[in-house]
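*Asks:* Following this line is my_file-v3.txt, made up of compact mmCIF, C-alpha atoms and all ligand atoms:
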# COMPACT_ATOMS: atom_id res chain seq x y z
CA MET A 1 -25.83 6.70 36.28
CA TRP A 2 -25.79 6.17 32.53
CA GLN A 3 -24.18 9.59 32.10
CA ALA A 4 -21.48 8.69 34.59
CA PHE A 5 -20.80 5.48 32.69
CA ARG A 6 -20.58 7.38 29.44
CA MET A 7 -18.21 9.91 30.96
CA SER A 8 -15.80 7.18 31.95
CA ASN A 9 -15.64 5.73 28.44
CA PRO A 10 -12.15 5.93 26.96
CA SER A 11 -11.63 8.75 24.47
CA PRO A 12 -10.81 7.96 20.82
CA ILE A 13 -7.18 8.86 21.48
CA ASP A 14 -7.09 6.50 24.50
CA GLU A 15 -8.47 3.74 22.30
CA LEU A 16 -5.90 4.42 19.58
CA PHE A 17 -3.10 4.39 22.14
CA ALA A 18 -4.30 1.01 23.45
CA PHE A 19 -4.34 -0.34 19.85
CA LEU A 20 -0.87 1.09 19.16
CA ARG A 21 0.68 -0.49 22.26
CA PHE A 22 0.50 -3.95 20.70
CA ALA A 23 3.83 -4.76 19.01
CA SER A 24 1.97 -6.52 16.19
CA VAL A 25 4.95 -6.96 13.87
CA SER A 26 3.75 -9.66 11.48
CA THR A 27 7.11 -10.61 9.99
CA GLU A 28 8.87 -11.35 13.30
CA PRO A 29 8.13 -14.72 14.94
CA ARG A 30 8.97 -13.33 18.39
CA HIS A 31 5.94 -11.01 18.09
CA GLN A 32 3.48 -13.76 17.19
CA GLU A 33 1.68 -13.48 20.54
CA ASP A 34 1.50 -9.68 20.26
CA VAL A 35 -0.10 -10.03 16.84
CA LYS A 36 -2.65 -12.45 18.21
CA ALA A 37 -3.38 -10.32 21.27
CA CYS A 38 -3.93 -7.32 19.01
CA ALA A 39 -6.47 -9.29 16.95
CA GLY A 40 -8.20 -10.30 20.20
CA TRP A 41 -8.36 -6.66 21.31
CA LEU A 42 -10.10 -5.77 18.02
CA VAL A 43 -12.67 -8.53 18.45
CA GLU A 44 -13.48 -7.21 21.94
CA LYS A 45 -13.67 -3.66 20.62
CA PHE A 46 -16.16 -4.66 17.90
CA ARG A 47 -18.29 -6.63 20.37
CA SER A 48 -18.34 -3.73 22.84
CA MET A 49 -19.83 -1.61 20.02
CA GLY A 50 -22.65 -4.10 19.52
CA LEU A 51 -21.26 -5.67 16.32
CA SER A 52 -20.96 -9.40 15.90
CA ALA A 53 -17.27 -10.21 15.56
CA ALA A 54 -15.03 -13.23 15.22
CA LEU A 55 -11.36 -14.04 15.08
CA HIS A 56 -10.56 -16.39 12.18
CA GLU A 57 -7.34 -18.37 12.34
CA THR A 58 -5.41 -18.75 9.08
CA ALA A 59 -2.18 -20.56 8.20
CA GLY A 60 -0.53 -17.31 9.34
CA HIS A 61 -1.97 -14.51 11.47
CA PRO A 62 -5.70 -14.23 12.23
CA VAL A 63 -8.29 -12.25 10.28
CA VAL A 64 -10.86 -10.30 12.29
CA LEU A 65 -14.35 -10.01 10.82
CA ALA A 66 -17.17 -7.90 12.25
CA ARG A 67 -20.58 -6.80 11.04
CA ASN A 68 -23.63 -4.87 12.11
CA ALA A 69 -27.11 -6.43 11.82
CA HIS A 70 -27.56 -6.54 8.06
CA GLN A 71 -30.87 -5.60 6.52
CA PRO A 72 -31.99 -6.59 3.05
CA GLY A 73 -32.31 -3.75 0.59
CA ARG A 74 -29.46 -1.74 2.06
CA ARG A 75 -26.08 -1.35 0.45
CA THR A 76 -23.22 -3.34 1.93
CA VAL A 77 -19.75 -1.84 2.28
CA LEU A 78 -16.72 -3.86 3.28
CA ILE A 79 -14.18 -1.75 5.16
CA TYR A 80 -10.72 -3.27 4.96
CA GLY A 81 -7.70 -2.50 7.10
CA HIS A 82 -4.77 -4.21 8.77
CA TYR A 83 -3.63 -4.41 12.38
CA ASP A 84 -0.13 -5.69 11.68
CA VAL A 85 2.81 -3.30 11.46
CA GLN A 86 6.31 -3.11 10.02
CA PRO A 87 9.40 -3.88 12.13
CA VAL A 88 10.81 -0.92 14.06
CA ASP A 89 14.49 -1.18 13.10
CA PRO A 90 16.60 0.86 13.31
CA LEU A 91 15.33 1.41 16.85
CA GLU A 92 17.99 4.00 17.73
CA LEU A 93 16.56 6.44 15.17
CA TRP A 94 13.22 6.71 17.01
CA SER A 95 12.73 9.80 19.20
CA HIS A 96 10.43 7.75 21.51
CA PRO A 97 9.89 4.00 22.00
CA PRO A 98 7.78 2.89 19.00
CA PHE A 99 5.13 1.04 21.03
CA GLU A 100 4.70 3.79 23.64
CA PRO A 101 2.49 6.20 21.72
CA ARG A 102 2.53 9.91 22.51
CA ILE A 103 1.36 13.15 20.98
CA VAL A 104 3.92 15.78 20.04
CA ASN A 105 2.89 18.97 18.22
CA GLY A 106 -0.48 17.56 17.24
CA LYS A 107 0.94 14.33 15.82
CA ILE A 108 0.59 10.83 17.25
CA PHE A 109 3.96 9.09 17.20
CA ALA A 110 4.09 5.27 17.23
CA ARG A 111 4.72 2.36 14.89
CA GLY A 112 1.42 1.78 13.06
CA ALA A 113 0.03 5.25 13.84
CA THR A 114 -0.57 5.96 10.16
CA ASP A 115 -0.06 2.49 8.61
CA ASN A 116 -2.69 1.34 9.36
CA LYS A 117 -3.98 1.43 12.94
CA GLY A 118 -4.86 5.13 13.05
CA GLN A 119 -6.72 4.93 9.76
CA ILE A 120 -8.68 1.72 10.34
CA LEU A 121 -9.54 2.67 13.93
CA ALA A 122 -10.94 5.99 12.69
CA HIS A 123 -13.43 3.97 10.61
CA ILE A 124 -14.23 1.69 13.53
CA LEU A 125 -14.81 4.57 15.96
CA GLY A 126 -16.78 6.43 13.28
CA VAL A 127 -19.17 3.47 13.22
CA GLU A 128 -19.27 3.35 17.02
CA GLN A 129 -20.20 7.04 17.21
CA ALA A 130 -22.94 6.61 14.60
CA LEU A 131 -24.36 3.64 16.50
CA GLN A 132 -24.35 5.57 19.78
CA ARG A 133 -25.96 8.58 18.12
CA ASP A 134 -28.51 6.91 15.82
CA GLY A 135 -28.79 3.37 17.14
CA ASP A 136 -28.20 2.01 13.62
CA LEU A 137 -26.10 2.57 10.50
CA PRO A 138 -27.53 3.65 7.13
CA VAL A 139 -25.83 0.69 5.39
CA ASN A 140 -24.70 -2.86 6.06
CA VAL A 141 -21.07 -2.85 7.15
CA ILE A 142 -18.50 -5.62 7.16
CA PHE A 143 -15.12 -4.94 8.76
CA LEU A 144 -12.26 -7.12 7.56
CA VAL A 145 -9.05 -6.39 9.44
CA GLU A 146 -6.13 -8.66 8.65
CA GLY A 147 -2.75 -9.25 10.26
CA GLU A 148 -0.56 -10.01 7.25
CA GLU A 149 -0.69 -6.94 5.01
CA GLU A 150 2.91 -6.00 5.72
CA ILE A 151 4.09 -9.44 4.60
CA GLY A 152 2.09 -9.47 1.37
CA SER A 153 -1.26 -10.89 2.58
CA PRO A 154 -0.30 -14.50 1.77
CA ASN A 155 -3.53 -15.95 3.20
CA LEU A 156 -6.04 -13.28 2.24
CA ARG A 157 -7.06 -14.60 -1.19
CA GLY A 158 -7.74 -18.04 0.26
CA PHE A 159 -9.70 -16.46 3.11
CA LEU A 160 -11.83 -14.41 0.70
CA GLU A 161 -12.52 -17.49 -1.39
CA ALA A 162 -13.47 -19.57 1.65
CA HIS A 163 -15.76 -16.82 3.03
CA ARG A 164 -17.04 -15.50 -0.29
CA ASP A 165 -20.72 -15.78 0.68
CA GLU A 166 -20.55 -13.97 3.99
CA LEU A 167 -18.30 -11.30 2.42
CA GLN A 168 -20.71 -10.43 -0.40
CA CYS A 169 -20.77 -6.65 -0.68
CA ASP A 170 -21.36 -3.78 -3.10
CA VAL A 171 -18.06 -2.00 -2.66
CA VAL A 172 -14.86 -2.01 -0.59
CA ALA A 173 -13.47 1.03 1.27
CA ILE A 174 -9.83 1.29 2.35
CA SER A 175 -7.98 4.08 4.09
CA ASP A 176 -4.35 3.02 3.60
CA THR A 177 -3.12 5.45 0.95
CA GLY A 178 -1.97 9.05 1.07
CA MET A 179 -3.26 12.62 0.89
CA LEU A 180 -1.58 14.90 -1.58
CA ALA A 181 -0.91 17.54 1.10
CA PRO A 182 -2.28 18.48 4.55
CA GLY A 183 -5.98 19.25 4.38
CA VAL A 184 -6.30 18.20 0.71
CA PRO A 185 -8.91 15.42 0.45
CA THR A 186 -7.54 12.83 -1.93
CA PHE A 187 -9.25 10.06 -3.83
CA THR A 188 -6.91 7.45 -5.29
CA TYR A 189 -8.47 5.67 -8.25
CA GLY A 190 -5.47 3.72 -9.52
CA LEU A 191 -2.41 1.84 -8.35
CA ARG A 192 0.54 0.38 -10.18
CA GLY A 193 1.19 -3.33 -10.19
CA ILE A 194 4.54 -4.97 -9.73
CA VAL A 195 6.65 -7.90 -10.78
CA ALA A 196 10.05 -8.75 -9.29
CA LEU A 197 12.97 -10.71 -10.78
CA GLU A 198 16.44 -11.55 -9.56
CA VAL A 199 19.19 -12.18 -12.09
CA LYS A 200 22.53 -13.83 -11.47
CA VAL A 201 25.26 -13.40 -14.07
CA LYS A 202 27.61 -16.37 -13.79
CA GLY A 203 31.14 -16.62 -15.09
CA PRO A 204 34.11 -18.75 -14.00
CA ALA A 205 33.76 -21.54 -11.45
CA LEU A 206 35.63 -19.50 -8.82
CA ASP A 207 36.89 -15.95 -8.22
CA LEU A 208 39.95 -15.43 -10.45
CA HIS A 209 43.14 -13.35 -10.30
CA SER A 210 42.38 -10.47 -12.66
CA GLY A 211 46.04 -10.11 -13.64
CA ILE A 212 46.54 -13.72 -14.62
CA PHE A 213 43.16 -14.26 -16.32
CA GLY A 214 41.87 -10.74 -17.07
CA GLY A 215 41.36 -10.11 -20.78
CA ALA A 216 40.55 -13.68 -21.70
CA ILE A 217 37.76 -14.42 -19.23
CA ALA A 218 34.56 -12.35 -19.20
CA ASN A 219 34.00 -10.43 -15.97
CA PRO A 220 30.43 -11.08 -14.68
CA ALA A 221 30.24 -7.65 -13.01
CA THR A 222 31.07 -5.91 -16.30
CA MET A 223 28.60 -8.10 -18.16
CA LEU A 224 25.93 -7.36 -15.54
CA ALA A 225 26.44 -3.63 -16.15
CA ARG A 226 26.07 -4.19 -19.90
CA LEU A 227 22.92 -6.20 -19.37
CA VAL A 228 21.33 -3.66 -17.02
CA ALA A 229 22.10 -0.90 -19.50
CA THR A 230 19.93 -2.65 -22.11
CA LEU A 231 16.79 -2.15 -19.98
CA HIS A 232 16.26 1.50 -20.99
CA ASP A 233 16.75 3.49 -24.15
CA ALA A 234 18.21 7.01 -24.25
CA GLN A 235 14.72 8.55 -23.84
CA GLY A 236 14.12 6.76 -20.54
CA ARG A 237 11.71 4.24 -22.06
CA VAL A 238 11.90 0.61 -21.05
CA ALA A 239 13.57 -1.17 -23.95
CA VAL A 240 12.08 -4.62 -23.36
CA GLU A 241 10.35 -5.68 -26.56
CA GLY A 242 6.56 -5.73 -26.18
CA PHE A 243 6.72 -4.02 -22.76
CA TYR A 244 4.27 -1.26 -23.69
CA ASP A 245 1.92 -3.38 -25.83
CA ASP A 246 -0.89 -3.56 -23.24
CA VAL A 247 -0.38 -0.18 -21.55
CA ALA A 248 -3.66 1.73 -21.25
CA PRO A 249 -2.93 5.30 -22.38
CA LEU A 250 -3.54 8.20 -20.02
CA GLN A 251 -6.89 9.88 -20.63
CA ASP A 252 -7.04 13.56 -21.58
CA TRP A 253 -9.22 14.39 -18.55
CA GLU A 254 -6.72 12.93 -16.09
CA ARG A 255 -3.74 14.63 -17.67
CA GLU A 256 -5.67 17.90 -17.45
CA LEU A 257 -6.67 17.32 -13.81
CA TRP A 258 -3.16 16.33 -12.76
CA ARG A 259 -1.71 19.48 -14.36
CA GLN A 260 -3.82 21.50 -11.90
CA LEU A 261 -2.82 19.58 -8.75
CA PRO A 262 -0.86 21.50 -6.13
CA VAL A 263 2.36 19.57 -6.78
CA SER A 264 5.46 20.73 -8.62
CA ASP A 265 8.73 19.37 -9.93
CA ALA A 266 10.56 21.74 -7.58
CA GLU A 267 8.77 20.18 -4.58
CA LEU A 268 9.61 16.73 -5.88
CA LEU A 269 13.28 17.66 -5.96
CA THR A 270 13.10 19.07 -2.42
CA LEU A 271 11.22 16.02 -1.13
CA THR A 272 13.70 13.55 -2.64
CA GLY A 273 16.94 15.52 -2.49
CA ALA A 274 17.71 14.37 -6.04
CA PRO A 275 19.90 16.75 -8.08
CA GLY A 276 17.63 16.57 -11.13
CA LEU A 277 14.68 14.82 -12.72
CA PHE A 278 14.80 11.84 -15.03
CA GLY A 279 12.24 9.90 -16.97
CA GLU A 280 10.38 8.99 -20.08
CA THR A 281 10.14 11.98 -22.39
CA GLY A 282 6.67 13.31 -23.15
CA TYR A 283 5.26 12.78 -19.65
CA SER A 284 5.15 14.96 -16.54
CA SER A 285 6.67 13.59 -13.35
CA THR A 286 3.24 12.77 -11.86
CA GLU A 287 2.33 10.93 -15.04
CA GLN A 288 5.63 9.06 -14.93
CA MET A 289 5.07 8.03 -11.30
CA TRP A 290 1.36 7.23 -11.39
CA ALA A 291 0.46 6.00 -14.84
CA ARG A 292 3.57 4.87 -16.71
CA PRO A 293 5.38 1.57 -16.18
CA THR A 294 9.00 1.41 -15.08
CA ALA A 295 12.01 -0.88 -14.78
CA GLU A 296 14.03 -0.33 -11.60
CA VAL A 297 17.25 -1.75 -10.24
CA ASN A 298 16.67 -2.21 -6.50
CA GLY A 299 20.05 -3.73 -5.77
CA LEU A 300 23.10 -4.96 -7.58
CA GLY A 301 26.40 -6.40 -6.54
CA GLY A 302 29.30 -8.72 -7.12
CA GLY A 303 33.03 -8.73 -6.54
CA PHE A 304 35.06 -7.17 -3.76
CA GLN A 305 33.04 -4.86 -1.47
CA GLY A 306 35.67 -4.22 1.23
CA VAL A 307 37.96 -1.25 1.87
CA GLY A 308 40.87 -0.85 -0.55
CA SER A 309 41.32 -2.85 -3.73
CA LYS A 310 41.45 -6.52 -4.57
CA THR A 311 42.35 -7.62 -8.07
CA VAL A 312 39.67 -10.18 -8.68
CA ILE A 313 37.32 -11.30 -11.43
CA PRO A 314 34.24 -12.28 -9.39
CA LYS A 315 32.68 -15.57 -10.35
CA GLU A 316 29.22 -14.00 -10.37
CA ALA A 317 27.25 -10.80 -10.01
CA PHE A 318 23.57 -10.16 -9.31
CA VAL A 319 20.83 -7.62 -9.82
CA LYS A 320 17.42 -7.34 -8.17
CA LEU A 321 14.85 -5.87 -10.52
CA THR A 322 11.27 -4.73 -10.12
CA PHE A 323 8.91 -3.50 -12.80
CA ARG A 324 6.02 -1.22 -11.81
CA LEU A 325 3.09 -1.94 -14.06
CA VAL A 326 0.01 -0.03 -15.14
CA PRO A 327 -3.36 -1.13 -16.50
CA ASN A 328 -3.61 -3.41 -18.54
CA GLN A 329 -0.18 -4.99 -18.17
CA ASP A 330 -0.11 -8.52 -16.80
CA PRO A 331 2.72 -9.32 -14.35
CA GLN A 332 3.23 -12.89 -15.63
CA LYS A 333 3.37 -11.77 -19.24
CA ILE A 334 5.81 -8.96 -18.42
CA ALA A 335 8.02 -11.38 -16.45
CA ALA A 336 8.20 -13.62 -19.53
CA LEU A 337 9.01 -10.68 -21.84
CA VAL A 338 11.76 -9.48 -19.50
CA GLN A 339 13.21 -12.96 -19.23
CA ALA A 340 13.32 -13.25 -23.03
CA HIS A 341 14.93 -9.81 -23.28
CA LEU A 342 17.62 -10.67 -20.75
CA GLU A 343 18.44 -13.97 -22.43
CA GLN A 344 18.56 -12.34 -25.84
CA HIS A 345 20.94 -9.65 -24.54
CA CYS A 346 23.07 -11.96 -22.43
CA PRO A 347 26.65 -10.79 -23.06
CA PRO A 348 29.33 -13.24 -24.26
CA GLY A 349 31.26 -15.44 -21.85
CA VAL A 350 28.64 -15.61 -19.07
CA THR A 351 25.37 -17.38 -18.35
CA LEU A 352 22.21 -16.15 -16.62
CA GLU A 353 20.16 -17.56 -13.79
CA ILE A 354 16.81 -15.80 -13.50
CA THR A 355 14.45 -16.22 -10.53
CA ALA A 356 10.93 -14.82 -10.53
CA GLY A 357 9.82 -12.98 -7.40
CA HIS A 358 6.51 -11.58 -6.14
CA ALA A 359 3.92 -10.06 -8.42
CA GLY A 360 0.76 -7.95 -8.13
CA MET A 361 -1.77 -6.66 -10.64
CA PRO A 362 -2.21 -2.96 -11.40
CA TYR A 363 -5.61 -1.45 -10.57
CA VAL A 364 -7.78 1.35 -11.83
CA MET A 365 -11.42 2.22 -11.19
CA ASP A 366 -13.58 4.87 -12.82
CA PRO A 367 -13.66 7.84 -10.41
CA HIS A 368 -16.78 9.07 -12.22
CA SER A 369 -18.69 5.89 -11.37
CA PRO A 370 -21.48 6.23 -8.76
CA TYR A 371 -19.25 4.79 -6.00
CA GLY A 372 -16.34 6.98 -7.04
CA GLN A 373 -18.58 10.04 -6.86
CA ALA A 374 -20.06 9.02 -3.51
CA ALA A 375 -16.55 8.69 -2.08
CA GLN A 376 -15.58 12.11 -3.42
CA ARG A 377 -18.68 13.75 -1.95
CA ALA A 378 -17.82 12.23 1.44
CA LEU A 379 -14.22 13.48 1.20
CA LYS A 380 -15.35 16.95 0.19
CA ALA A 381 -17.87 17.13 3.05
CA THR A 382 -15.20 15.99 5.53
CA PHE A 383 -12.45 18.40 4.55
CA GLY A 384 -14.51 21.23 3.04
CA ARG A 385 -12.33 21.41 -0.06
CA GLU A 386 -12.24 20.16 -3.63
CA VAL A 387 -11.00 16.59 -3.89
CA ALA A 388 -7.72 15.76 -5.60
CA LEU A 389 -8.10 12.79 -7.95
CA ILE A 390 -4.88 10.86 -8.19
CA ARG A 391 -3.38 7.48 -8.87
CA GLU A 392 -0.53 6.20 -6.74
CA GLY A 393 2.70 4.72 -7.98
CA GLY A 394 2.79 2.04 -5.30
CA SER A 395 1.07 -1.33 -5.32
CA ILE A 396 -1.72 -2.75 -3.11
CA PRO A 397 -2.32 -6.16 -4.72
CA ILE A 398 -5.27 -6.99 -2.43
CA VAL A 399 -7.36 -4.37 -4.23
CA GLN A 400 -7.28 -6.47 -7.38
CA THR A 401 -7.90 -9.57 -5.23
CA PHE A 402 -11.15 -8.02 -3.96
CA LYS A 403 -12.17 -7.44 -7.56
CA ASP A 404 -11.23 -10.97 -8.65
CA VAL A 405 -12.86 -12.83 -5.75
CA LEU A 406 -15.75 -10.60 -4.67
CA GLY A 407 -16.30 -8.84 -8.01
CA VAL A 408 -16.36 -5.35 -6.51
CA GLU A 409 -14.45 -2.09 -6.85
CA THR A 410 -12.43 -0.47 -4.08
CA MET A 411 -12.58 3.15 -2.96
CA LEU A 412 -9.17 4.31 -1.70
CA LEU A 413 -9.69 7.15 0.79
CA GLY A 414 -6.23 7.66 2.24
CA LEU A 415 -5.49 9.84 5.25
CA ALA A 416 -1.68 9.57 5.42
CA LEU A 417 0.48 12.62 4.77
CA PRO A 418 3.69 12.58 2.71
CA ASP A 419 5.73 13.05 5.92
CA CYS A 420 3.94 10.40 8.05
CA ARG A 421 7.04 8.18 7.82
CA ALA A 422 5.18 4.95 7.31
CA HIS A 423 7.62 2.00 7.59
CA ALA A 424 10.31 4.36 8.96
CA PRO A 425 11.41 5.59 12.40
CA ASP A 426 9.17 8.25 13.99
CA GLU A 427 6.05 7.11 12.14
CA ASN A 428 3.29 9.57 12.96
CA PHE A 429 -0.33 10.47 12.23
CA PRO A 430 -1.82 13.93 12.83
CA VAL A 431 -4.58 14.00 15.46
CA GLU A 432 -6.64 16.08 13.01
CA ASN A 433 -6.41 13.35 10.36
CA PHE A 434 -7.52 10.76 12.91
CA GLU A 435 -10.52 12.93 13.77
CA ALA A 436 -11.20 13.60 10.08
CA GLY A 437 -11.20 9.85 9.52
CA MET A 438 -14.09 9.40 11.97
CA ARG A 439 -16.08 12.15 10.23
CA LEU A 440 -15.17 10.68 6.85
CA ASN A 441 -16.59 7.33 7.89
CA ALA A 442 -19.91 8.89 8.84
CA ALA A 443 -20.09 10.92 5.62
CA LEU A 444 -19.14 7.92 3.51
CA LEU A 445 -21.79 5.60 4.96
CA LYS A 446 -24.41 8.30 4.44
CA GLU A 447 -23.37 8.90 0.85
CA LEU A 448 -23.33 5.19 0.07
CA ALA A 449 -26.83 4.82 1.47
CA ASN A 450 -28.08 7.65 -0.74
CA ARG A 451 -26.17 6.96 -3.89
ZN ZN A 501 2.57 -0.64 5.30
Written as structure tokens, that's how I'd like the structure from this file.

*Replies:*
Amino acid sequence: MWQAFRMSNPSPIDELFAFLRFASVSTEPRHQEDVKACAGWLVEKFRSMGLSAALHETAGHPVVLARNAHQPGRRTVLIYGHYDVQPVDPLELWSHPPFEPRIVNGKIFARGATDNKGQILAHILGVEQALQRDGDLPVNVIFLVEGEEEIGSPNLRGFLEAHRDELQCDVVAISDTGMLAPGVPTFTYGLRGIVALEVKVKGPALDLHSGIFGGAIANPATMLARLVATLHDAQGRVAVEGFYDDVAPLQDWERELWRQLPVSDAELLTLTGAPGLFGETGYSSTEQMWARPTAEVNGLGGGFQGVGSKTVIPKEAFVKLTFRLVPNQDPQKIAALVQAHLEQHCPPGVTLEITAGHAGMPYVMDPHSPYGQAAQRALKATFGREVALIREGGSIPIVQTFKDVLGVETMLLGLALPDCRAHAPDENFPVENFEAGMRLNAALLKELANR
């Protein structure tokens, strides 16, 4: 009888498909009920595994918390993930409907397959399998699965502060980053931070005839180009005064390790389609992307954008800037330095209007720390290969939030591949990575118990 019941249990793939069918797009109000239903599904899933679980309402989308029966004297790991997903537009570029998951050539195609439902569910099912096999886990586990990661986790810090006591833990584990290449276990020990600014260059009160007024009145689009050109020097360094003052230099051991990684400039050119490389002299491309700060123009505009020509001096022009930051740069301090730089270099005949945007702290942990080593042993056991130690150029501000509020480090054990198309049409996650994620969870909990 019991056997028959067990046989009829859904398979891990069935469970993932059920999770993926929720259109839990956090940014779109029309999907609010889908987001909520997805959170409810998770709560039921956790309870069916024998964990205690609760759905916590926030000012935005709910947070789901779950835990096994904690025992004193055991280590406590908080496993974080998110059940919300990015919008699916442009829908016409998907080969299959994004919320009707299917497997093609060993890959699971659906919105959220890799970011983050496939990865967090692998941890959840890894715990379920261990409980079914052993009746208990070797450590205390807290699952925290939120529904607002894709919109910047606006309510997570407040939630952590309000639930600080019940979230006390020794370390956080997240699978929401990437693997260097298929089959290469990858431990990410650093992330860049970010600060965003938008600048408007303002000239005359209205668009002007460039024949009648041109020559006497400064053109905001020209002045914007001048201003943007002051952000870098000829060597590709950011020319904002004081920008590098707090930058933690790369360590010799990491430069040496990164030189041996199976990545090349030729592959980078193929992957991006760029005609050539660019960047700060004296650093390899991985160093430039993972451990050096940048200034980037993400958008700029002004003046006539239509077909043909229009002889106009636009009354204003704009640029959207972001700065990727590395330890120990502080986003607020950098925003102030950039603002001072822009004002100091404001060309004649125009004024500036500067608006600060979002910001996130950079993060780095010591991969040689006991938790870093435990994570690497688990990765090596799972994939049977040496672990690649990397930083990532992107930003996951919540990692620093965990450190600030709970006082703990985060192990980033990503399972996404470079071609998983997170945030894009045809997002996918290899079945073998999903299965590896379940094994990784088991190995990780064991290593944490023994460390
Ligand atoms: Zn994402």

*Asks:* Have a look at CA of Arg102 in chain A and CA of Glu427 in chain A and let me know their distance in Å, one decimal.

*Replies:*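 Pair CA of Arg102 in chain A / CA of Glu427 in chain A returns 11.3 Å.
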
*Asks:* Rounded to one decimal place, report the CA of Ile334 in chain A-CA of Pro293 in chain A distance in Å.

*Replies:*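 Going from CA of Ile334 in chain A over to CA of Pro293 in chain A, I get 10.8 Å.
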
*Asks:* Work out how far CA of Trp94 in chain A is from CA of Leu20 in chain A, in Å to one decimal.

*Replies:* 15.3 Å

*Asks:* Residues at most 6 Å from Val25 in chain A, counting all atoms listed in the file, excluding those fewer than 4 positions away in the same chain, as JSON, numbers by chain?

*Replies:* {"A": [31, 84, 85, 86, 87]}

*Asks:* What's the 10 Å shell around Gln71 in chain A, counting all atoms listed in the file, without same-chain residues fewer than 5 positions away, as a ChimeraX atom specification?

*Replies:* /A:76,138-140
